[in-house]
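See below for protein08.pdb, which holds PDB, C-alpha atoms.
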```pdb
MODEL        1
ATOM      1  CA  MET A 188      15.967   6.692   3.559
ATOM      2  CA  LEU A 189      14.105   3.474   2.772
ATOM      3  CA  LEU A 190      12.184   4.681  -0.300
ATOM      4  CA  GLU A 191      12.991   7.699  -2.476
ATOM      5  CA  VAL A 192      10.775   8.788  -5.366
ATOM      6  CA  ASP A 193      12.562  11.681  -7.077
ATOM      7  CA  GLY A 194      10.967  13.827  -9.768
ATOM      8  CA  VAL A 195       8.955  10.983 -11.277
ATOM      9  CA  THR A 196       6.745  11.581 -14.314
ATOM     10  CA  LYS A 197       4.443   9.081 -16.012
ATOM     11  CA  ARG A 198       2.859   9.826 -19.376
ATOM     12  CA  PHE A 199       0.317   7.754 -21.254
ATOM     13  CA  GLY A 200       0.450   9.182 -24.761
ATOM     14  CA  GLY A 201      -0.634  12.812 -24.403
ATOM     15  CA  LEU A 202      -1.867  12.319 -20.817
ATOM     16  CA  THR A 203       0.459  13.121 -17.935
ATOM     17  CA  ALA A 204      -0.815  11.036 -15.010
ATOM     18  CA  VAL A 205       2.043  11.908 -12.625
ATOM     19  CA  ASN A 206       4.200  14.993 -13.045
ATOM     20  CA  ARG A 207       7.620  15.486 -11.383
ATOM     21  CA  PHE A 208       6.397  13.834  -8.204
ATOM     22  CA  SER A 209       8.695  13.241  -5.236
ATOM     23  CA  LEU A 210       8.120  11.282  -2.049
ATOM     24  CA  SER A 211      10.181   9.556   0.623
ATOM     25  CA  VAL A 212       9.540   6.973   3.331
ATOM     26  CA  GLY A 213      12.017   6.476   6.144
ATOM     27  CA  ALA A 214      12.616   3.247   8.027
ATOM     28  CA  GLY A 215       9.880   2.781  10.635
ATOM     29  CA  GLU A 216       7.694   5.520   9.174
ATOM     30  CA  ILE A 217       3.991   5.535   8.247
ATOM     31  CA  VAL A 218       3.323   7.908   5.357
ATOM     32  CA  GLY A 219      -0.144   8.630   3.992
ATOM     33  CA  LEU A 220      -0.693   9.429   0.309
ATOM     34  CA  ILE A 221      -4.009  11.193  -0.239
ATOM     35  CA  GLY A 222      -5.774  13.156  -2.946
ATOM     36  CA  PRO A 223      -9.081  13.347  -4.816
ATOM     37  CA  ASN A 224     -10.165  10.551  -7.138
ATOM     38  CA  GLY A 225      -8.077  10.557 -10.308
ATOM     39  CA  ALA A 226      -5.170  12.376  -8.662
ATOM     40  CA  GLY A 227      -2.671   9.676  -9.698
ATOM     41  CA  LYS A 228      -2.197   7.862  -6.393
ATOM     42  CA  THR A 229      -2.542   4.307  -7.670
ATOM     43  CA  THR A 230      -0.304   5.162 -10.633
ATOM     44  CA  VAL A 231       2.368   6.144  -8.091
ATOM     45  CA  PHE A 232       1.958   2.727  -6.452
ATOM     46  CA  HIS A 233       2.250   1.024  -9.861
ATOM     47  CA  LEU A 234       5.491   2.904 -10.514
ATOM     48  CA  ILE A 235       7.010   2.114  -7.120
ATOM     49  CA  SER A 236       6.069  -1.583  -7.239
ATOM     50  CA  GLY A 237       7.176  -2.200 -10.825
ATOM     51  CA  PHE A 238       3.820  -2.640 -12.555
ATOM     52  CA  GLN A 239       4.626   0.420 -14.666
ATOM     53  CA  ALA A 240       7.911   2.112 -15.555
ATOM     54  CA  PRO A 241       8.336   5.869 -15.086
ATOM     55  CA  THR A 242       8.710   8.084 -18.140
ATOM     56  CA  GLU A 243      11.197  10.226 -16.224
ATOM     57  CA  GLY A 244      12.679  10.401 -12.744
ATOM     58  CA  ALA A 245      14.286   8.064 -10.230
ATOM     59  CA  ILE A 246      12.917   5.521  -7.747
ATOM     60  CA  ARG A 247      15.294   4.048  -5.176
ATOM     61  CA  PHE A 248      14.664   1.428  -2.506
ATOM     62  CA  LYS A 249      17.361   1.044   0.143
ATOM     63  CA  GLY A 250      19.593   3.204  -2.043
ATOM     64  CA  VAL A 251      19.286   1.013  -5.156
ATOM     65  CA  SER A 252      17.384   2.043  -8.302
ATOM     66  CA  ILE A 253      14.220   0.008  -8.872
ATOM     67  CA  ALA A 254      12.735   2.174 -11.647
ATOM     68  CA  GLY A 255      11.538  -0.197 -14.348
ATOM     69  CA  ALA A 256      12.415  -3.358 -12.379
ATOM     70  CA  LYS A 257       9.948  -6.263 -12.469
ATOM     71  CA  PRO A 258       7.405  -6.548  -9.626
ATOM     72  CA  HIS A 259       8.723  -9.897  -8.393
ATOM     73  CA  ALA A 260      12.285  -8.550  -8.240
ATOM     74  CA  ILE A 261      11.152  -5.506  -6.256
ATOM     75  CA  CYS A 262       9.150  -7.733  -3.907
ATOM     76  CA  ARG A 263      12.216  -9.880  -3.234
ATOM     77  CA  ARG A 264      14.097  -6.743  -2.205
ATOM     78  CA  GLY A 265      11.518  -6.223   0.551
ATOM     79  CA  LEU A 266       8.818  -4.017  -0.971
ATOM     80  CA  ALA A 267       5.294  -5.470  -1.216
ATOM     81  CA  ARG A 268       1.887  -4.008  -2.027
ATOM     82  CA  THR A 269      -1.846  -4.622  -1.882
ATOM     83  CA  PHE A 270      -4.374  -3.713  -4.556
ATOM     84  CA  GLN A 271      -7.338  -1.366  -4.347
ATOM     85  CA  ILE A 272      -9.539  -4.024  -5.951
ATOM     86  CA  VAL A 273      -8.754  -7.204  -4.034
ATOM     87  CA  GLN A 274      -7.451  -9.949  -6.286
ATOM     88  CA  PRO A 275      -7.297 -13.283  -4.467
ATOM     89  CA  PHE A 276      -6.821 -16.566  -6.294
ATOM     90  CA  VAL A 277     -10.487 -17.472  -5.875
ATOM     91  CA  ASN A 278     -10.070 -21.202  -6.518
ATOM     92  CA  LEU A 279      -7.363 -21.551  -3.853
ATOM     93  CA  THR A 280      -7.889 -21.693  -0.108
ATOM     94  CA  THR A 281      -7.018 -18.787   2.130
ATOM     95  CA  LEU A 282      -3.907 -20.675   3.243
ATOM     96  CA  GLU A 283      -2.817 -21.413  -0.320
ATOM     97  CA  ASN A 284      -3.260 -17.758  -1.278
ATOM     98  CA  VAL A 285      -0.889 -16.658   1.467
ATOM     99  CA  MET A 286       1.576 -19.432   0.656
ATOM    100  CA  VAL A 287       1.947 -17.838  -2.793
ATOM    101  CA  GLY A 288       3.299 -14.743  -1.036
ATOM    102  CA  ALA A 289       5.467 -16.811   1.287
ATOM    103  CA  PHE A 290       7.221 -18.459  -1.677
ATOM    104  CA  ASN A 291       8.817 -15.048  -2.224
ATOM    105  CA  CYS A 292      11.214 -15.819   0.619
ATOM    106  CA  THR A 293      11.469 -19.628   0.541
ATOM    107  CA  ASP A 294      11.375 -22.516  -1.940
ATOM    108  CA  GLU A 295      10.333 -25.007   0.730
ATOM    109  CA  VAL A 296       6.639 -25.906   0.782
ATOM    110  CA  GLY A 297       6.710 -26.672   4.502
ATOM    111  CA  MET A 298       8.312 -23.339   5.364
ATOM    112  CA  ALA A 299       5.886 -21.476   3.099
ATOM    113  CA  ARG A 300       2.973 -23.221   4.815
ATOM    114  CA  GLN A 301       4.345 -22.368   8.265
ATOM    115  CA  ARG A 302       4.814 -18.723   7.304
ATOM    116  CA  ALA A 303       1.297 -18.576   5.857
ATOM    117  CA  VAL A 304      -0.219 -20.050   9.027
ATOM    118  CA  GLU A 305       1.643 -17.497  11.170
ATOM    119  CA  VAL A 306       0.469 -14.588   9.037
ATOM    120  CA  LEU A 307      -3.132 -15.781   8.875
ATOM    121  CA  ASP A 308      -3.226 -16.052  12.664
ATOM    122  CA  PHE A 309      -1.729 -12.562  12.900
ATOM    123  CA  VAL A 310      -4.371 -10.936  10.659
ATOM    124  CA  GLY A 311      -7.258 -12.820  12.260
ATOM    125  CA  LEU A 312      -7.950 -15.356   9.522
ATOM    126  CA  GLY A 313      -6.449 -18.416  11.196
ATOM    127  CA  GLY A 314      -9.838 -20.053  11.593
ATOM    128  CA  ARG A 315     -10.583 -19.634   7.870
ATOM    129  CA  ARG A 316      -7.343 -21.029   6.467
ATOM    130  CA  ASN A 317      -9.076 -23.909   4.637
ATOM    131  CA  VAL A 318     -11.907 -21.799   3.210
ATOM    132  CA  ALA A 319     -11.850 -21.050  -0.521
ATOM    133  CA  ALA A 320     -11.038 -17.387  -1.153
ATOM    134  CA  ARG A 321     -14.217 -16.977  -3.196
ATOM    135  CA  GLU A 322     -16.263 -17.609  -0.037
ATOM    136  CA  LEU A 323     -14.670 -14.835   2.018
ATOM    137  CA  THR A 324     -16.535 -11.654   2.900
ATOM    138  CA  LEU A 325     -15.134  -8.313   1.714
ATOM    139  CA  PRO A 326     -13.537  -7.526   5.117
ATOM    140  CA  ASP A 327     -11.868 -10.942   5.129
ATOM    141  CA  ARG A 328     -10.685 -10.476   1.533
ATOM    142  CA  LYS A 329      -9.087  -7.215   2.613
ATOM    143  CA  ARG A 330      -7.291  -9.044   5.425
ATOM    144  CA  LEU A 331      -6.228 -11.751   2.985
ATOM    145  CA  GLU A 332      -4.778  -9.113   0.667
ATOM    146  CA  MET A 333      -2.678  -7.737   3.516
ATOM    147  CA  ALA A 334      -1.707 -11.257   4.606
ATOM    148  CA  ARG A 335      -0.321 -12.104   1.167
ATOM    149  CA  GLY A 336       1.825  -8.990   1.283
ATOM    150  CA  LEU A 337       3.018  -9.702   4.820
ATOM    151  CA  ALA A 338       3.929 -13.270   3.906
ATOM    152  CA  THR A 339       6.717 -11.897   1.666
ATOM    153  CA  ARG A 340       8.421 -10.456   4.782
ATOM    154  CA  PRO A 341       8.424  -6.848   3.529
ATOM    155  CA  GLU A 342      10.412  -3.976   4.964
ATOM    156  CA  LEU A 343       7.987  -1.597   3.235
ATOM    157  CA  LEU A 344       4.325  -2.408   2.587
ATOM    158  CA  LEU A 345       2.153  -0.303   0.272
ATOM    159  CA  LEU A 346      -1.529  -0.391   1.263
ATOM    160  CA  ASP A 347      -3.992   0.753  -1.424
ATOM    161  CA  GLU A 348      -7.386   1.638   0.097
ATOM    162  CA  VAL A 349      -7.627  -1.399   2.372
ATOM    163  CA  MET A 350     -10.532   0.246   4.226
ATOM    164  CA  SER A 351     -12.759   1.089   1.244
ATOM    165  CA  GLY A 352     -16.191  -0.502   1.467
ATOM    166  CA  LEU A 353     -15.892  -1.301   5.178
ATOM    167  CA  ASN A 354     -18.230  -0.166   7.940
ATOM    168  CA  PRO A 355     -16.991   1.892  10.926
ATOM    169  CA  THR A 356     -16.421  -1.151  13.153
ATOM    170  CA  GLU A 357     -14.468  -2.945  10.424
ATOM    171  CA  ILE A 358     -12.419   0.207   9.789
ATOM    172  CA  GLU A 359     -11.413   0.374  13.458
ATOM    173  CA  GLU A 360     -10.333  -3.268  13.302
ATOM    174  CA  VAL A 361      -8.159  -2.611  10.236
ATOM    175  CA  ILE A 362      -6.612   0.454  11.906
ATOM    176  CA  GLY A 363      -5.642  -1.798  14.807
ATOM    177  CA  LEU A 364      -4.200  -4.389  12.425
ATOM    178  CA  ILE A 365      -2.135  -1.756  10.603
ATOM    179  CA  ARG A 366      -0.737  -0.556  13.924
ATOM    180  CA  ARG A 367       0.246  -4.129  14.790
ATOM    181  CA  ILE A 368       1.957  -4.507  11.411
ATOM    182  CA  HIS A 369       3.905  -1.307  12.040
ATOM    183  CA  ALA A 370       4.853  -2.497  15.525
ATOM    184  CA  GLN A 371       6.532  -5.488  13.888
ATOM    185  CA  GLY A 372       8.985  -3.114  12.205
ATOM    186  CA  VAL A 373       7.286  -2.777   8.810
ATOM    187  CA  SER A 374       7.304   0.698   7.246
ATOM    188  CA  LEU A 375       4.057   1.697   5.522
ATOM    189  CA  LEU A 376       2.925   3.873   2.634
ATOM    190  CA  ILE A 377      -0.863   4.111   2.674
ATOM    191  CA  ILE A 378      -3.415   5.359   0.146
ATOM    192  CA  GLU A 379      -6.744   5.887   1.862
ATOM    193  CA  HIS A 380      -9.926   7.943   1.454
ATOM    194  CA  VAL A 381     -11.110   7.320   5.029
ATOM    195  CA  MET A 382      -9.709  10.554   6.412
ATOM    196  CA  ARG A 383     -10.115   9.805  10.112
ATOM    197  CA  ALA A 384      -8.098   6.626   9.577
ATOM    198  CA  ILE A 385      -5.286   8.180   7.543
ATOM    199  CA  MET A 386      -5.035  11.107   9.965
ATOM    200  CA  ALA A 387      -4.841   8.751  12.951
ATOM    201  CA  LEU A 388      -2.255   6.425  11.403
ATOM    202  CA  SER A 389       0.117   8.674   9.463
ATOM    203  CA  GLN A 390       3.175  10.374  10.875
ATOM    204  CA  ARG A 391       3.385  12.387   7.652
ATOM    205  CA  ILE A 392       0.964  12.945   4.779
ATOM    206  CA  VAL A 393       1.690  13.709   1.120
ATOM    207  CA  VAL A 394      -1.125  15.186  -0.989
ATOM    208  CA  LEU A 395      -1.381  14.520  -4.731
ATOM    209  CA  HIS A 396      -3.641  16.520  -7.056
ATOM    210  CA  HIS A 397      -3.697  16.294 -10.855
ATOM    211  CA  GLY A 398      -0.545  14.191 -10.653
ATOM    212  CA  GLU A 399       1.458  16.765  -8.691
ATOM    213  CA  GLN A 400       2.335  17.112  -5.023
ATOM    214  CA  ILE A 401       0.523  20.100  -3.512
ATOM    215  CA  ALA A 402       1.341  19.593   0.174
ATOM    216  CA  GLN A 403       3.143  17.395   2.672
ATOM    217  CA  GLY A 404       3.698  17.434   6.395
ATOM    218  CA  PRO A 405       2.165  16.345   9.707
ATOM    219  CA  PRO A 406      -1.539  15.417   9.453
ATOM    220  CA  GLU A 407      -2.745  18.440  11.424
ATOM    221  CA  ASP A 408      -0.871  20.857   9.142
ATOM    222  CA  VAL A 409      -2.040  19.186   5.945
ATOM    223  CA  ALA A 410      -5.670  19.225   7.118
ATOM    224  CA  ARG A 411      -5.488  23.027   7.463
ATOM    225  CA  ASP A 412      -3.660  23.689   4.196
ATOM    226  CA  PRO A 413      -5.812  25.916   1.905
ATOM    227  CA  LYS A 414      -4.576  24.107  -1.234
ATOM    228  CA  VAL A 415      -5.658  20.762   0.199
ATOM    229  CA  ILE A 416      -9.071  22.086   1.254
ATOM    230  CA  GLU A 417      -9.564  23.551  -2.229
ATOM    231  CA  ALA A 418      -8.526  20.307  -3.922
ATOM    232  CA  TYR A 419     -11.102  18.312  -1.963
ATOM    233  CA  LEU A 420     -13.912  20.818  -1.574
ATOM    234  CA  GLY A 421     -13.485  23.442  -4.302
ATOM    235  CA  LYS A 422     -12.593  27.128  -4.238
ATOM    236  CA  GLU A 423     -15.830  28.279  -2.607
ATOM    237  CA  SER A 424     -14.880  26.380   0.557
TER     238      SER A 424
ENDMDL
END
```

Any chance you could give the structure as structure tokens?
Amino acid sequence: MLLEVDGVTKRFGGLTAVNRFSLSVGAGEIVGLIGPNGAGKTTVFHLISGFQAPTEGAIRFKGVSIAGAKPHAICRRGLARTFQIVQPFVNLTTLENVMVGAFNCTDEVGMARQRAVEVLDFVGLGGRRNVAARELTLPDRKRLEMARGLATRPELLLLDEVMSGLNPTEIEEVIGLIRRIHAQGVSLLIIEHVMRAIMALSQRIVVLHHGEQIAQGPPEDVARDPKVIEAYLGKES
């Protein structure tokens, strides 16, 4: 198993944001992580990627514990992430932003530049490589966020709501890009509120509610699960 999250709990003082949560991602798999707002999904991403340490439980990547490890160390092992609120270096060009990610796997400026050019072409931003990040549209900033993660050469990429704020045409384009990323051999763990997208992409879906897993399985089974319907729509539904 590529990623194993085993009985993880995260407390902030008296608040339990994630409670005894478990999740796994196998090599070559696309797993969706869904749940209502405030369910704890992004906290799970923070725990996996090293931005927060779990209060309890184990997190293993390729069989090695990464619980409490620093984000840059986890990234160098082959696990990268995007952020729900895109965070480019606004004063750098698109190319320079992606080179920052590429330096994860090389110390050579020329090699980092070459990797960044390849990734920008792959995500459809090749023609905007010399544009300052602050000038990019939201859809292009989303692509840039994914490009920076891809530049690190990840085995597992965590995507946090990369389709939020996009129109239907832009969503379809991102779905196609995610499929191309997966076809390159990258495993994916995806948080997304665009249900038609997450249902189309995921081989398996895990549902989080109030910090706890309430369901997991193939998309069609999860969509029919009464606990999931109640979590999203309320008991009357």

*asked:* I want to know what sits within 7 Å of Leu282 (chain A), based on all atoms listed in the file, with residues of the same chain fewer than 5 positions away left out; could you give that as a list in words?
replied: Ala303, Val304, Arg316 and Asn317 of chain A

*Any chance you could resolve the PyMOL selection byres ((chain A and resi 394) around 8) against this file and give the residues as number ranges by chain?*
A: 220-222, 392-393, 395-396, 400-403, 415

*For the file shown, what are the residues hit by the PyMOL selection byres ((chain A and resi 277-280) around 8), laid out as a PyMOL selection string?*
chain A and resi 275-276+281-284+316-321

For the file shown, report as a PDB file with C-alpha atoms, in the frame of the given file the outcome of the PyMOL selection byres ((chain A and resi 189-199) around 10) at residue level.
```pdb
ATOM      1  CA  MET A 188      15.967   6.692   3.559  1.00  0.00           C
ATOM      2  CA  GLY A 200       0.450   9.182 -24.761  1.00  0.00           C
ATOM      3  CA  GLY A 201      -0.634  12.812 -24.403  1.00  0.00           C
ATOM      4  CA  LEU A 202      -1.867  12.319 -20.817  1.00  0.00           C
ATOM      5  CA  THR A 203       0.459  13.121 -17.935  1.00  0.00           C
ATOM      6  CA  ALA A 204      -0.815  11.036 -15.010  1.00  0.00           C
ATOM      7  CA  VAL A 205       2.043  11.908 -12.625  1.00  0.00           C
ATOM      8  CA  ASN A 206       4.200  14.993 -13.045  1.00  0.00           C
ATOM      9  CA  ARG A 207       7.620  15.486 -11.383  1.00  0.00           C
ATOM     10  CA  PHE A 208       6.397  13.834  -8.204  1.00  0.00           C
ATOM     11  CA  SER A 209       8.695  13.241  -5.236  1.00  0.00           C
ATOM     12  CA  LEU A 210       8.120  11.282  -2.049  1.00  0.00           C
ATOM     13  CA  SER A 211      10.181   9.556   0.623  1.00  0.00           C
ATOM     14  CA  VAL A 212       9.540   6.973   3.331  1.00  0.00           C
ATOM     15  CA  GLY A 213      12.017   6.476   6.144  1.00  0.00           C
ATOM     16  CA  ALA A 214      12.616   3.247   8.027  1.00  0.00           C
ATOM     17  CA  GLY A 215       9.880   2.781  10.635  1.00  0.00           C
ATOM     18  CA  GLU A 216       7.694   5.520   9.174  1.00  0.00           C
ATOM     19  CA  GLY A 227      -2.671   9.676  -9.698  1.00  0.00           C
ATOM     20  CA  THR A 230      -0.304   5.162 -10.633  1.00  0.00           C
ATOM     21  CA  VAL A 231       2.368   6.144  -8.091  1.00  0.00           C
ATOM     22  CA  LEU A 234       5.491   2.904 -10.514  1.00  0.00           C
ATOM     23  CA  ILE A 235       7.010   2.114  -7.120  1.00  0.00           C
ATOM     24  CA  GLN A 239       4.626   0.420 -14.666  1.00  0.00           C
ATOM     25  CA  ALA A 240       7.911   2.112 -15.555  1.00  0.00           C
ATOM     26  CA  PRO A 241       8.336   5.869 -15.086  1.00  0.00           C
ATOM     27  CA  THR A 242       8.710   8.084 -18.140  1.00  0.00           C
ATOM     28  CA  GLU A 243      11.197  10.226 -16.224  1.00  0.00           C
ATOM     29  CA  GLY A 244      12.679  10.401 -12.744  1.00  0.00           C
ATOM     30  CA  ALA A 245      14.286   8.064 -10.230  1.00  0.00           C
ATOM     31  CA  ILE A 246      12.917   5.521  -7.747  1.00  0.00           C
ATOM     32  CA  ARG A 247      15.294   4.048  -5.176  1.00  0.00           C
ATOM     33  CA  PHE A 248      14.664   1.428  -2.506  1.00  0.00           C
ATOM     34  CA  LYS A 249      17.361   1.044   0.143  1.00  0.00           C
ATOM     35  CA  GLY A 250      19.593   3.204  -2.043  1.00  0.00           C
ATOM     36  CA  VAL A 251      19.286   1.013  -5.156  1.00  0.00           C
ATOM     37  CA  SER A 252      17.384   2.043  -8.302  1.00  0.00           C
ATOM     38  CA  ILE A 253      14.220   0.008  -8.872  1.00  0.00           C
ATOM     39  CA  ALA A 254      12.735   2.174 -11.647  1.00  0.00           C
ATOM     40  CA  LEU A 266       8.818  -4.017  -0.971  1.00  0.00           C
ATOM     41  CA  GLU A 342      10.412  -3.976   4.964  1.00  0.00           C
ATOM     42  CA  LEU A 343       7.987  -1.597   3.235  1.00  0.00           C
ATOM     43  CA  SER A 374       7.304   0.698   7.246  1.00  0.00           C
ATOM     44  CA  LEU A 376       2.925   3.873   2.634  1.00  0.00           C
ATOM     45  CA  GLY A 398      -0.545  14.191 -10.653  1.00  0.00           C
ATOM     46  CA  GLU A 399       1.458  16.765  -8.691  1.00  0.00           C
TER      47      GLU A 399
END
```

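All polymer residues at most 10 Å from (-3.9, 11.3, 7.6), using only C-alpha atoms, appear as Ile217, Val218, Gly219, Leu220, Ile221, Ile377, Ile378, Glu379, His380, Val381, Met382, Arg383, Ala384, Ile385, Met386, Ala387, Leu388, Ser389, Gln390, Arg391, Ile392, Val393, Val394, Gly404, Pro405, Pro406, Glu407, Val409 and Ala410 of chain A.
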
Selection file, C-alpha atoms, as a compact mmCIF listing (two decimals), in the coordinates of the input:
```txt
# COMPACT_ATOMS: atom_id res chain seq x y z
CA ILE A 217 3.99 5.54 8.25
CA VAL A 218 3.32 7.91 5.36
CA GLY A 219 -0.14 8.63 3.99
CA LEU A 220 -0.69 9.43 0.31
CA ILE A 221 -4.01 11.19 -0.24
CA ILE A 377 -0.86 4.11 2.67
CA ILE A 378 -3.42 5.36 0.15
CA GLU A 379 -6.74 5.89 1.86
CA HIS A 380 -9.93 7.94 1.45
CA VAL A 381 -11.11 7.32 5.03
CA MET A 382 -9.71 10.55 6.41
CA ARG A 383 -10.12 9.80 10.11
CA ALA A 384 -8.10 6.63 9.58
CA ILE A 385 -5.29 8.18 7.54
CA MET A 386 -5.04 11.11 9.96
CA ALA A 387 -4.84 8.75 12.95
CA LEU A 388 -2.26 6.42 11.40
CA SER A 389 0.12 8.67 9.46
CA GLN A 390 3.18 10.37 10.88
CA ARG A 391 3.38 12.39 7.65
CA ILE A 392 0.96 12.94 4.78
CA VAL A 393 1.69 13.71 1.12
CA VAL A 394 -1.12 15.19 -0.99
CA GLY A 404 3.70 17.43 6.40
CA PRO A 405 2.16 16.34 9.71
CA PRO A 406 -1.54 15.42 9.45
CA GLU A 407 -2.74 18.44 11.42
CA VAL A 409 -2.04 19.19 5.94
CA ALA A 410 -5.67 19.23 7.12
```

*asked:* Please list as a list in words every residue within 7 Å of Ala267 (chain A), counting all atoms listed in the file and excluding residues in the same chain fewer than 5 positions away.
replied: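 After dropping sequence-adjacent residues, the list is Cys262, Gly336, Pro341, Leu343, Leu344 and Leu345 of chain A.
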
Write out the residues from the selection above, keeping C-alpha atoms, as a tab-separated table (two decimals), in the coordinates of the input.
```tsv
chain	number	residue	atom	x	y	z
A	262	CYS	CA	9.15	-7.73	-3.91
A	336	GLY	CA	1.82	-8.99	1.28
A	341	PRO	CA	8.42	-6.85	3.53
A	343	LEU	CA	7.99	-1.60	3.24
A	344	LEU	CA	4.32	-2.41	2.59
A	345	LEU	CA	2.15	-0.30	0.27
```

*Which value, in Å to one decimal, gives the distance between CA of Thr229 (chain A) and CA of Arg302 (chain A)?*
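Between these atoms lies a distance of 28.4 Å.
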